[in-house]
$ cat upload_38.cif   # mmCIF, C-alpha atoms
data_entry
loop_
_atom_site.label_atom_id
_atom_site.label_comp_id
_atom_site.auth_asym_id
_atom_site.auth_seq_id
_atom_site.Cartn_x
_atom_site.Cartn_y
_atom_site.Cartn_z
CA MET A 141 60.15 166.72 4.32
CA GLY A 142 58.36 164.11 6.39
CA MET A 143 57.41 164.86 9.98
CA ARG A 144 60.84 165.45 11.47
CA LEU A 145 59.66 168.30 13.68
CA GLN A 146 56.42 166.70 14.85
CA GLY A 147 54.77 168.84 17.53
CA LEU A 148 57.56 171.46 17.73
CA ARG A 149 55.99 174.84 18.56
CA VAL A 150 57.46 177.65 16.45
CA ALA A 151 56.85 181.41 16.08
CA VAL A 152 58.06 183.17 12.91
CA THR A 153 58.32 186.96 12.52
CA GLY A 154 57.78 188.64 9.15
CA GLY A 155 55.71 185.59 8.28
CA ALA A 156 53.23 187.07 5.81
CA ARG A 157 55.44 186.82 2.73
CA GLY A 158 58.88 185.99 1.34
CA ILE A 159 61.30 184.01 3.49
CA GLY A 160 58.98 184.10 6.52
CA ARG A 161 56.09 182.59 4.61
CA ALA A 162 58.29 179.92 2.99
CA THR A 163 59.77 179.07 6.40
CA ALA A 164 56.34 178.76 8.01
CA ALA A 165 55.21 176.48 5.16
CA ALA A 166 58.31 174.25 5.45
CA LEU A 167 57.96 174.03 9.23
CA ALA A 168 54.27 173.10 9.01
CA ALA A 169 55.08 170.49 6.34
CA SER A 170 57.69 169.05 8.74
CA GLY A 171 55.09 168.56 11.47
CA ALA A 172 55.75 171.72 13.48
CA ARG A 173 52.93 173.82 14.90
CA VAL A 174 53.39 177.37 13.66
CA VAL A 175 52.41 180.92 14.60
CA ILE A 176 53.34 183.75 12.23
CA GLY A 177 53.56 187.44 13.07
CA ASP A 178 53.67 190.40 10.70
CA ILE A 179 53.04 194.13 10.83
CA ASP A 180 50.66 193.72 7.89
CA ASP A 181 47.73 192.27 9.85
CA GLU A 182 45.59 191.71 6.76
CA ALA A 183 48.36 189.82 4.94
CA VAL A 184 49.26 187.75 8.00
CA ALA A 185 45.63 186.56 8.37
CA VAL A 186 45.40 185.65 4.67
CA THR A 187 48.78 183.85 4.72
CA ALA A 188 47.89 181.89 7.88
CA ALA A 189 44.63 180.74 6.26
CA GLN A 190 46.38 179.79 3.00
CA LEU A 191 49.14 177.85 4.78
CA THR A 192 46.56 176.03 6.92
CA ASP A 193 44.85 175.09 3.65
CA THR A 194 47.95 173.96 1.75
CA THR A 195 49.85 172.20 4.56
CA GLY A 196 46.91 170.64 6.39
CA ALA A 197 48.46 171.92 9.64
CA GLU A 198 46.89 174.76 11.55
CA VAL A 199 48.94 177.96 11.12
CA ILE A 200 47.90 180.91 13.29
CA GLY A 201 48.58 184.55 12.42
CA PHE A 202 48.89 187.58 14.71
CA ARG A 203 49.83 191.21 14.12
CA LEU A 204 53.37 191.99 15.29
CA ASP A 205 55.44 195.16 15.22
CA VAL A 206 58.97 193.94 16.02
CA ARG A 207 60.04 197.52 16.85
CA ASP A 208 57.67 197.63 19.81
CA PRO A 209 58.67 195.58 22.89
CA GLU A 210 55.04 195.47 24.12
CA SER A 211 53.85 194.17 20.76
CA PHE A 212 56.60 191.52 20.74
CA GLU A 213 55.85 190.39 24.30
CA LYS A 214 52.14 190.16 23.46
CA PHE A 215 52.93 188.19 20.28
CA LEU A 216 54.98 185.64 22.25
CA ASP A 217 52.22 185.41 24.88
CA LEU A 218 49.61 184.77 22.16
CA ALA A 219 51.90 182.22 20.49
CA GLU A 220 52.40 180.36 23.78
CA ALA A 221 48.67 180.43 24.48
CA GLY A 222 47.77 179.31 20.95
CA LEU A 223 50.34 176.49 20.82
CA GLY A 224 50.37 175.49 24.49
CA GLY A 225 53.99 176.66 24.84
CA LEU A 226 56.83 177.73 22.58
CA ASP A 227 60.02 175.90 21.56
CA VAL A 228 61.43 178.10 18.79
CA LEU A 229 61.49 181.74 17.69
CA VAL A 230 62.56 182.55 14.12
CA ASN A 231 63.51 186.25 13.89
CA ASN A 232 63.03 186.88 10.19
CA ALA A 233 61.34 190.29 9.83
CA GLY A 234 63.45 192.80 7.90
CA ILE A 235 63.48 195.52 5.26
CA MET A 236 66.14 196.20 2.61
CA PRO A 237 66.17 199.73 1.20
CA THR A 238 69.07 200.31 -1.20
CA GLY A 239 70.80 203.33 -2.64
CA SER A 240 73.37 205.98 -1.87
CA PHE A 241 74.25 206.36 1.83
CA LEU A 242 74.62 210.10 1.27
CA GLU A 243 71.07 210.36 -0.06
CA GLU A 244 69.47 207.96 2.42
CA SER A 245 67.16 209.77 4.84
CA MET A 246 67.69 209.37 8.58
CA ASP A 247 64.14 208.00 8.75
CA THR A 248 65.06 205.18 6.34
CA ALA A 249 68.26 204.48 8.27
CA ASP A 250 66.40 204.44 11.62
CA ARG A 251 63.70 202.08 10.29
CA GLN A 252 66.34 199.56 9.19
CA VAL A 253 68.10 199.69 12.57
CA ASP A 254 64.75 199.43 14.40
CA ILE A 255 63.33 196.53 12.37
CA ASN A 256 66.43 194.57 11.29
CA LEU A 257 68.57 194.87 14.42
CA ARG A 258 66.61 196.21 17.38
CA GLY A 259 63.68 193.92 16.51
CA VAL A 260 66.01 190.90 16.62
CA ILE A 261 67.49 192.06 19.94
CA ILE A 262 63.99 192.46 21.42
CA GLY A 263 62.79 189.08 20.12
CA SER A 264 65.96 187.27 21.17
CA LYS A 265 65.85 188.78 24.67
CA PHE A 266 62.18 188.00 25.34
CA ALA A 267 62.36 184.49 23.86
CA ALA A 268 65.69 183.71 25.57
CA ARG A 269 64.28 184.65 28.99
CA ARG A 270 61.39 182.24 28.49
CA PHE A 271 63.61 179.48 27.09
CA ALA A 272 66.35 179.87 29.73
CA ALA A 273 63.79 179.62 32.54
CA ARG A 274 62.77 176.16 31.30
CA ARG A 275 66.27 175.25 30.05
CA SER A 276 65.13 174.47 26.53
CA GLY A 277 64.58 176.36 23.29
CA HIS A 278 66.04 177.46 19.97
CA ILE A 279 66.35 180.96 18.48
CA VAL A 280 66.97 181.25 14.74
CA ASN A 281 68.05 184.68 13.49
CA VAL A 282 67.89 185.35 9.76
CA ALA A 283 70.81 187.63 8.86
CA SER A 284 72.42 187.92 5.40
CA ILE A 285 75.71 187.38 3.60
CA LEU A 286 75.77 191.17 3.79
CA GLY A 287 76.31 190.62 7.51
CA LEU A 288 79.63 188.95 6.63
CA VAL A 289 80.88 191.02 3.67
CA ALA A 290 79.61 194.47 2.73
CA THR A 291 79.15 196.08 -0.70
CA PRO A 292 78.39 199.69 -1.71
CA ASP A 293 74.92 201.25 -1.76
CA ILE A 294 73.53 199.08 1.00
CA ALA A 295 75.57 200.38 3.93
CA THR A 296 72.94 200.74 6.66
CA TYR A 297 71.38 197.37 5.81
CA ALA A 298 74.83 195.73 5.97
CA ALA A 299 75.42 197.42 9.34
CA THR A 300 72.19 195.94 10.74
CA LYS A 301 73.00 192.46 9.44
CA PHE A 302 76.59 192.59 10.74
CA GLY A 303 74.92 193.47 14.06
CA VAL A 304 72.61 190.44 13.89
CA VAL A 305 75.57 188.14 13.11
CA GLY A 306 77.51 189.52 16.10
CA LEU A 307 74.51 189.33 18.42
CA SER A 308 73.75 185.75 17.42
CA SER A 309 77.36 184.61 17.74
CA ALA A 310 77.55 186.03 21.29
CA LEU A 311 74.19 184.50 22.27
CA HIS A 312 75.15 181.12 20.78
CA GLN A 313 77.93 181.08 23.39
CA GLU A 314 76.17 182.86 26.26
CA LEU A 315 72.90 180.91 26.23
CA ALA A 316 74.49 177.46 25.91
CA GLN A 317 74.65 177.23 29.72
CA PHE A 318 70.82 177.31 29.73
CA ASP A 319 70.57 174.68 26.95
CA VAL A 320 69.21 177.34 24.60
CA ARG A 321 70.53 177.08 21.03
CA VAL A 322 71.03 180.07 18.72
CA SER A 323 71.37 179.65 14.95
CA THR A 324 72.28 182.34 12.42
CA ILE A 325 71.17 181.87 8.83
CA CYS A 326 72.97 184.06 6.30
CA PRO A 327 71.20 183.84 2.94
CA ALA A 328 72.69 185.26 -0.23
CA PHE A 329 70.36 187.32 -2.43
CA VAL A 330 66.96 185.70 -2.00
CA ASN A 331 64.54 185.76 -4.90
CA THR A 332 61.74 187.76 -3.27
CA GLN A 333 60.36 191.27 -3.83
CA LEU A 334 63.11 192.38 -1.43
CA ILE A 335 65.67 192.15 -4.29
CA ALA A 336 63.44 193.41 -7.12
CA GLY A 337 65.52 195.31 -9.67
CA LEU A 338 68.94 194.21 -8.38
CA SER A 339 71.41 193.14 -11.07
CA PRO A 340 73.40 190.11 -9.90
CA ASN A 341 75.96 188.95 -12.47
CA ARG A 342 76.48 185.35 -13.52
CA ILE A 343 78.87 184.54 -10.66
CA THR A 344 76.60 186.16 -8.07
CA ARG A 345 73.66 184.20 -9.48
CA LEU A 346 75.66 180.97 -9.28
CA ILE A 347 77.02 181.29 -5.74
CA GLY A 348 74.75 183.88 -4.21
CA PHE A 349 71.21 183.60 -5.54
CA VAL A 350 68.67 181.45 -3.72
CA GLU A 351 64.94 180.90 -3.43
CA PRO A 352 62.99 181.52 -0.20
CA GLU A 353 62.46 177.74 0.01
CA ASP A 354 66.26 177.22 0.19
CA VAL A 355 66.40 179.46 3.26
CA ALA A 356 63.38 177.69 4.74
CA ARG A 357 65.12 174.32 4.32
CA ALA A 358 68.18 175.67 6.16
CA VAL A 359 65.98 176.78 9.08
CA VAL A 360 64.31 173.35 9.22
CA ALA A 361 67.73 171.65 9.04
CA ALA A 362 69.06 173.73 11.97
CA LEU A 363 66.05 172.70 14.07
CA VAL A 364 66.25 169.03 13.06
CA ARG A 365 69.96 168.90 13.93
CA ARG A 366 69.29 170.77 17.19
CA ARG A 367 72.51 172.69 16.66
CA GLY A 368 73.24 176.39 16.89
CA GLY A 369 75.85 178.32 14.92
CA LEU A 370 76.18 180.05 11.57
CA ARG A 371 75.09 178.71 8.19
CA VAL A 372 75.44 180.45 4.82
CA VAL A 373 72.81 179.62 2.15
CA PRO A 374 73.80 178.38 -0.40
CA ARG A 375 76.73 176.41 1.00
CA ILE A 376 78.93 177.33 -1.97
CA GLY A 377 78.33 180.97 -0.99
CA GLY A 378 79.78 180.09 2.42
CA PHE A 379 83.00 178.86 0.83
CA ALA A 380 83.21 182.02 -1.27
CA ILE A 381 82.66 184.20 1.82
CA ALA A 382 85.30 182.27 3.78
CA LEU A 383 87.75 182.82 0.93
CA LEU A 384 86.92 186.52 0.63
CA THR A 385 87.06 187.23 4.36
CA SER A 386 90.48 185.57 4.63
CA MET A 387 91.90 188.15 2.18
CA PRO A 388 93.29 191.55 3.18
CA GLU A 389 90.51 194.12 2.76
CA ALA A 390 92.07 195.96 -0.20
CA LEU A 391 92.43 192.70 -2.13
CA ARG A 392 88.91 191.59 -1.18
CA ILE A 393 87.47 194.85 -2.54
CA ARG A 394 89.47 194.50 -5.79
CA VAL A 395 88.26 190.89 -6.23
CA GLY A 396 84.68 191.91 -5.49
CA ARG A 397 84.88 194.70 -8.02
CA SER A 398 86.40 192.49 -10.71
CA LEU A 399 83.71 189.83 -10.16
CA GLY A 400 81.03 192.50 -10.49
CA SER A 401 79.51 191.81 -7.08
CA HIS A 402 79.80 195.51 -6.22
CA ASP A 403 77.38 196.28 -9.06
CA THR A 404 74.63 193.99 -7.75
CA VAL A 405 73.13 196.79 -5.69
CA SER A 406 74.67 199.95 -7.14
CA LYS A 407 73.38 199.20 -10.65
CA ALA A 408 69.89 198.29 -9.45
CA ASP A 409 66.90 199.20 -11.61
CA MET A 410 65.19 201.60 -9.22
CA THR A 411 61.89 201.62 -11.13
CA GLN A 412 61.62 197.88 -10.47
CA ARG A 413 62.54 198.45 -6.82
CA ALA A 414 60.01 201.26 -6.37
CA LEU A 415 57.10 198.96 -5.46
CA TYR A 416 59.09 197.12 -2.78
CA LEU A 417 60.60 200.33 -1.37
CA GLU A 418 57.17 201.93 -1.19
CA ARG A 419 55.83 198.98 0.82
CA ALA A 420 58.92 198.92 3.06
CA ASP A 421 58.38 202.60 3.79
CA ARG A 422 54.71 202.14 4.55
CA ASN A 423 54.99 199.43 7.21
#

$ encode --input "upload_38.cif" --output "structure tokens"
Amino acid sequence: MGMRLQGLRVAVTGGARGIGRATAAALAASGARVVIGDIDDEAVAVTAAQLTDTTGAEVIGFRLDVRDPESFEKFLDLAEAGLGGLDVLVNNAGIMPTGSFLEESMDTADRQVDINLRGVIIGSKFAARRFAARRSGHIVNVASILGLVATPDIATYAATKFGVVGLSSALHQELAQFDVRVSTICPAFVNTQLIAGLSPNRITRLIGFVEPEDVARAVVAALVRRRGGLRVVPRIGGFAIALLTSMPEALRIRVGRSLGSHDTVSKADMTQRALYLERADRN
């Protein structure tokens, strides 16, 4: 990766594992100075130490509850103090419960809205105020292809990610006057514990299955290019989404069903998902 982001000061939420961890590692390898936040304070300390070890760049970890504005403000203060300022916030923290909307508890629905959407609104607002005041900065919001097209059995999650896509698109336009860039990264199904037990078919695997490192590279690329806007990972998934979203809804649903993409979530192996769902419920 070289040192294309030498000295850039970046904070990453949900940084203890998965996409957040991979993103922090890629940023550090690119020369950025990185702070990670996570609600799992034990895991965030361990991850920060491991990344410092493997990248040779100091990575700092702090506890962060993205649902709590005070916690988020404190996290950004600590990040600024630890790095001597802040240039970038990557809003990555999220949970992905799956299953029937009719059986989903209100608590599970509320947690997704609070973490996946409200957390991004809080982080974007607090970071944008700081960045706008100094007329410089970049916010990267990690959404999902499920923020562009929805499938059954993941309705509330899709609603939160559609919300993040809309928020980011508006801010990309609104914050430009302050020279603050806003990028939206929409990964397909990312190979982390988040998708344990899901059953993507061959086509979904081909155009919509990526590793955390692929998403991390897209975040680094957005920062290197210093450009806001939306990016689907993988790119071929972006073409597929563009094609699908140009169709009338009834046709899009029929195509999705015939390609088997509707079964990715609805035919999930829930015993395999149990471990992830239990952790998502706990934090």

$ residues_around --input "upload_38.cif" --residues "stretch 237-249 of chain A" --least-positions-apart "2" --cutoff "6 Å" --atoms "only C-alpha atoms" --output "PDB file with C-alpha atoms, keeping the file's coordinate frame"
ATOM      1  CA  ARG A 251      63.700 202.080  10.290  1.00  0.00           C
ATOM      2  CA  GLN A 252      66.340 199.560   9.190  1.00  0.00           C
ATOM      3  CA  ASP A 293      74.920 201.250  -1.760  1.00  0.00           C
ATOM      4  CA  ILE A 294      73.530 199.080   1.000  1.00  0.00           C
TER       5      ILE A 294
END

$ closest_residue --input "upload_38.cif" --among "A:Leu223, A:Val282, A:Cys326, A:Val289" --to "A:Ile200" --atoms "all atoms listed in the file"
A:Leu223

$ resolve_selection --input "upload_38.cif" --expression "the PyMOL selection byres ((chain A and resi 188) around 10)" --output "ChimeraX atom specification"
/A:155-156,161,164-165,174-177,183-187,189-193,198-202

$ closest_residue --input "upload_38.cif" --among "A:Gly158, A:Pro209, A:Gly287, A:Gly277" --to "A:Asp254" --atoms "all atoms listed in the file"
A:Pro209

$ residues_around --input "upload_38.cif" --residues "stretch 266-269 of chain A" --least-positions-apart "5" --cutoff "9 Å" --atoms "all atoms listed in the file" --output "list in words"
Pro209, Phe212, Glu213, Leu216, Leu226, Val228, Leu229, Ile261, Arg274, Gly277, His278, Ile279, Leu315 and Val320 of chain A

$ atom_distance --input "upload_38.cif" --atom1 "atom CA of A:Gly196" --atom2 "atom CA of A:Arg149"
15.8 Å

$ residues_around --input "upload_38.cif" --residues "stretch 363-375 of chain A" --least-positions-apart "6" --cutoff "8 Å" --atoms "only C-alpha atoms" --output "PyMOL selection string"
chain A and resi 144-145+278+285+309+312+321-328+347-350+354-355

$ write_last_selection --input "upload_38.cif" --atoms "C-alpha atoms" --output "tab-separated table (two decimals), in the coordinates of the input"
chain	number	residue	atom	x	y	z
A	144	ARG	CA	60.84	165.45	11.47
A	145	LEU	CA	59.66	168.30	13.68
A	278	HIS	CA	66.04	177.46	19.97
A	285	ILE	CA	75.71	187.38	3.60
A	309	SER	CA	77.36	184.61	17.74
A	312	HIS	CA	75.15	181.12	20.78
A	321	ARG	CA	70.53	177.08	21.03
A	322	VAL	CA	71.03	180.07	18.72
A	323	SER	CA	71.37	179.65	14.95
A	324	THR	CA	72.28	182.34	12.42
A	325	ILE	CA	71.17	181.87	8.83
A	326	CYS	CA	72.97	184.06	6.30
A	327	PRO	CA	71.20	183.84	2.94
A	328	ALA	CA	72.69	185.26	-0.23
A	347	ILE	CA	77.02	181.29	-5.74
A	348	GLY	CA	74.75	183.88	-4.21
A	349	PHE	CA	71.21	183.60	-5.54
A	350	VAL	CA	68.67	181.45	-3.72
A	354	ASP	CA	66.26	177.22	0.19
A	355	VAL	CA	66.40	179.46	3.26

$ atom_distance --input "upload_38.cif" --atom1 "atom CA of A:Asn231" --atom2 "atom CA of A:Ala151"
8.5 Å

$ resolve_selection --input "upload_38.cif" --expression "the PyMOL selection byres ((chain A and resi 163) around 8)" --output "list in words"
Val152, Gly155, Ile159, Gly160, Arg161, Ala162, Ala164, Ala165, Ala166, Leu167, Pro352, Glu353, Val355, Ala356, Arg357, Val359 and Val360 of chain A

$ resolve_selection --input "upload_38.cif" --expression "the PyMOL selection byres ((chain A and resi 319) around 6)" --output "PyMOL selection string"
chain A and resi 275-276+316-318+320

$ atom_distance --input "upload_38.cif" --atom1 "atom CA of A:Phe329" --atom2 "atom CA of A:Ser284"
8.1 Å

$ closest_residue --input "upload_38.cif" --among "A:Gly234, A:Ser398, A:Ser264, A:Gly225" --to "A:Val150" --atoms "all atoms listed in the file"
A:Gly225

$ closest_residue --input "upload_38.cif" --among "A:Thr153, A:Asn281, A:Glu351, A:Pro292" --to "A:Ala219" --atoms "all atoms listed in the file"
A:Thr153
